[in-house]
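J.: Handing you this structure, nothing more for now.
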Amino acid sequence: MCGSSDSDSHDGYLTSDYNSSNSLFSLNNGYSYSSASLDRATFDCQDSDLLGNHKHPMLSTEVPRFISNDALHSPITLNYKRDNDDVTYTNAKVNKFMIVLIGLPATGKSTISSHLIQCLKNNPLTNSLRCKVFNAGKIRRQISCATISKPLLLANTSSEDLFNPKNIDKKETYARITLQKLFHEINNDDCDVGIFDATNSTIERRRFIFEEVCSFNTDELSTFNLVPIVLQISCFNRDFIKYNIHNKSFNEDYLDKPYELAIKDFAKRLKHYYSQFTPFSMDEFNQIHQYINQHEEIDASLFFFNVINAGIVEPHSLSHSHYPSTCGRQIRDTIMVVENFINHYSQMFGFEYIESVKLFFEKFEDNHEETLAALDSVVNDEFFNDLQELIENNGFS
């Protein structure tokens, strides 16, 4: 589960190709919407062979107040009752789903998204849903670098640094274009579940997203109704963060960069993100729900889930759901599958990731390789103390 908010998936269902558009969020300017019929994809339901019970001393189940070194999991097999497809309607429109990811870089957003899609397509209740990830980092590279294979030019000054808080407007532009693409493909009936893969790290960004969702759902030209699901991904484990930063040094931004330079640049980028990040909370959930309810023509729904430290920390009461008053089976089945995925993520997928982290550190510690020395020189106690201070300043402790 390497953190990869800007990374691209190799799964065929995770696509985020960019199509140019004349204006941002031109829904009200008149898209040409497709018919409501759904092109149902079919997949064989595959049973996952889950690994046996394993524990490691670096693992713990308590919710941390600060960045720490802990984890734990045990296997579970989930059996679902097969049922017929049931397309339900809200506001006289066919329902589709939008998953809004929230989380800092190197927490595993993109990887968890790929696992969620795997879970949805392998479950008989949801295997007809077509899923796509819309990745803001990929859009940013395609626009700013002209081609997806061109590496990022490292900034020499704060004005050149895209990830510096001074340049937040530039990042917002890429996020808006990505969100526009998600809306466009939903309304063209190209997918049924759109995953908005970006940090979405500020209250202002998230309010804008839900304003656009409301605009989408009330637009007379839109054929479909979007059911919003917030999925917040958090990681406080130092070993996990260090491992994820290591993996980030090999993404498209750093194809031509020496390892240590890539580590230093991404560590600086991560601090910038921490300085701007405000976690999604129950208060914000309630505020957004109240905002949606102001639109009387919308039969409101809103769902909120958390994955913490690869699922090894139970989110307790951090998740919350509000179903529409006329909720059909399609919504209930889909949310049930997502909820089971969240509740059992560590057993279904987290163990493999934890084992990868263990093997990574064992490999380099045994061989005394320069890689770990270079990583430790940057991602050290001072670095984590800086992150901790930023977390506390933003109320995330």
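We name chains A, B, ... following the order of the structure tokens; residues begin at 1 in each chain, and ligands are numbered from 1 as shown.
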Neighbours of region 105-107 of chain A within 12 Å (only C-alpha atoms; same-chain residues fewer than 4 positions away dropped), as a ChimeraX atom specification?
T.: /A:1-7,101,111-113,136-137,163,197-201,232-249,251,266-274,277,307-311
J.: Which residues, written as a list of chain:residue names, have at least one atom at most 10 Å from Asn343 (chain A), with only C-alpha atoms counted and residues fewer than 4 positions away on the same chain left out?
T.: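 Within the cut-off, the hits are A:Phe305, A:Asn306, A:Val307, A:Gly311, A:Ile312, A:Val313, A:Glu314, A:Pro315, A:His316, A:Val337, A:Val338, A:Glu339, A:Gln347, A:Met348.
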J.: Dump N, CA and C atoms for the selected residues as a tab-separated table (two decimals), in the first residue's frame?
T.:
chain	number	residue	atom	x	y	z
A	305	PHE	N	-16.06	7.53	5.54
A	305	PHE	CA	-15.31	6.38	6.03
A	305	PHE	C	-13.85	6.76	6.21
A	306	ASN	N	-13.15	6.00	7.06
A	306	ASN	CA	-11.73	6.22	7.34
A	306	ASN	C	-10.94	4.92	7.21
A	307	VAL	N	-9.73	5.05	6.68
A	307	VAL	CA	-8.73	3.98	6.77
A	307	VAL	C	-7.50	4.59	7.43
A	311	GLY	N	-5.36	0.31	7.75
A	311	GLY	CA	-6.51	-0.38	8.31
A	311	GLY	C	-6.26	-1.07	9.62
A	312	ILE	N	-5.04	-0.97	10.17
A	312	ILE	CA	-4.74	-1.69	11.41
A	312	ILE	C	-5.25	-0.95	12.63
A	313	VAL	N	-5.56	0.34	12.47
A	313	VAL	CA	-6.17	1.11	13.56
A	313	VAL	C	-7.65	1.21	13.27
A	314	GLU	N	-8.47	0.72	14.17
A	314	GLU	CA	-9.91	0.78	13.98
A	314	GLU	C	-10.39	2.23	14.13
A	315	PRO	N	-11.19	2.71	13.18
A	315	PRO	CA	-11.62	4.11	13.23
A	315	PRO	C	-12.70	4.38	14.27
A	316	HIS	N	-13.20	3.31	14.94
A	316	HIS	CA	-14.22	3.48	15.97
A	316	HIS	C	-15.42	4.26	15.41
A	337	VAL	N	-20.95	-2.91	0.84
A	337	VAL	CA	-19.69	-3.47	0.35
A	337	VAL	C	-18.53	-2.55	0.71
A	338	VAL	N	-18.71	-1.23	0.51
A	338	VAL	CA	-17.65	-0.28	0.88
A	338	VAL	C	-17.37	-0.34	2.37
A	339	GLU	N	-18.41	-0.40	3.19
A	339	GLU	CA	-18.23	-0.44	4.64
A	339	GLU	C	-17.50	-1.70	5.08
A	347	GLN	N	-7.22	-6.98	7.11
A	347	GLN	CA	-7.21	-8.43	6.90
A	347	GLN	C	-7.17	-8.78	5.42
A	348	MET	N	-7.83	-7.99	4.61
A	348	MET	CA	-7.93	-8.30	3.19
A	348	MET	C	-6.68	-7.88	2.41
J.: Please identify which residues in region 164-376 of chain A DSSP calls alpha helix (DSSP H) from the backbone, and express them as number ranges by chain.
T.: A: 168-187, 203-218, 238-248, 259-276, 282-293, 329-343, 345, 351-367, 370-376
J.: Identify, with DSSP run on backbone atoms, the residues in region 192-344 of chain A assigned to strand (DSSP E), and express the list as a count of residues only.
T.: 26
J.: Nearest to Arg207 (chain A): which of A:Glu284, A:Glu260, A:Glu172, A:Glu185 is it, counting only C-alpha atoms?
T.: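 Comparing A:Glu284, A:Glu260, A:Glu172, A:Glu185 against Arg207 (chain A), the winner is A:Glu284.
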J.: Hey, which of A:Arg130, A:Phe280, A:Glu211, A:Leu104 ends up closest to Asp190 (chain A)? Count only C-alpha atoms.
T.: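 When distances to Asp190 (chain A) are compared using only C-alpha atoms, the smallest one comes from A:Arg130.
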J.: Which residue, A:Ser325, A:Asn135, A:Asn393, A:Asn380, has the smallest gap to Lys264 (chain A) when you use only C-alpha atoms?
T.: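 Closest candidate: A:Asn380.
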J.: Find the residue from A:Lys363, A:Val230, A:Asp376, A:Asp299 that sits nearest to Ser321 (chain A); use only C-alpha atoms when measuring.
T.: A:Val230
J.: Taking only C-alpha atoms into account, name the residue in A:Asn187, A:Thr202, A:Thr178, A:Gln290 that is nearest to Ser222 (chain A).
T.: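 Of the candidates, the smallest distance to Ser222 (chain A) is held by A:Asn187.
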J.: Rounded to one decimal, what separation in Å do you get between CA of Asp219 (chain A) and CA of Pro324 (chain A)?
T.: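 Distance reported for this atom pair: 18.6 Å.
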J.: Could you state the separation of CA of Val213 (chain A) and CA of Phe303 (chain A) in Å, given to one decimal place?
T.: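 Atom-to-atom, CA of Val213 (chain A) to CA of Phe303 (chain A), that is 13.7 Å.
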J.: With only C-alpha atoms as the atoms that count, which of A:Gln388, A:Asn95, A:Ser377, A:Asn394 lies nearest to Gln276 (chain A)?
T.: A:Asn394
J.: Suppose you want the space between CA of Leu179 (chain A) and CA of Ile292 (chain A); what is it in Å?
T.: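 Taking CA of Leu179 (chain A) as the start and CA of Ile292 (chain A) as the end point, the length is 18.4 Å.
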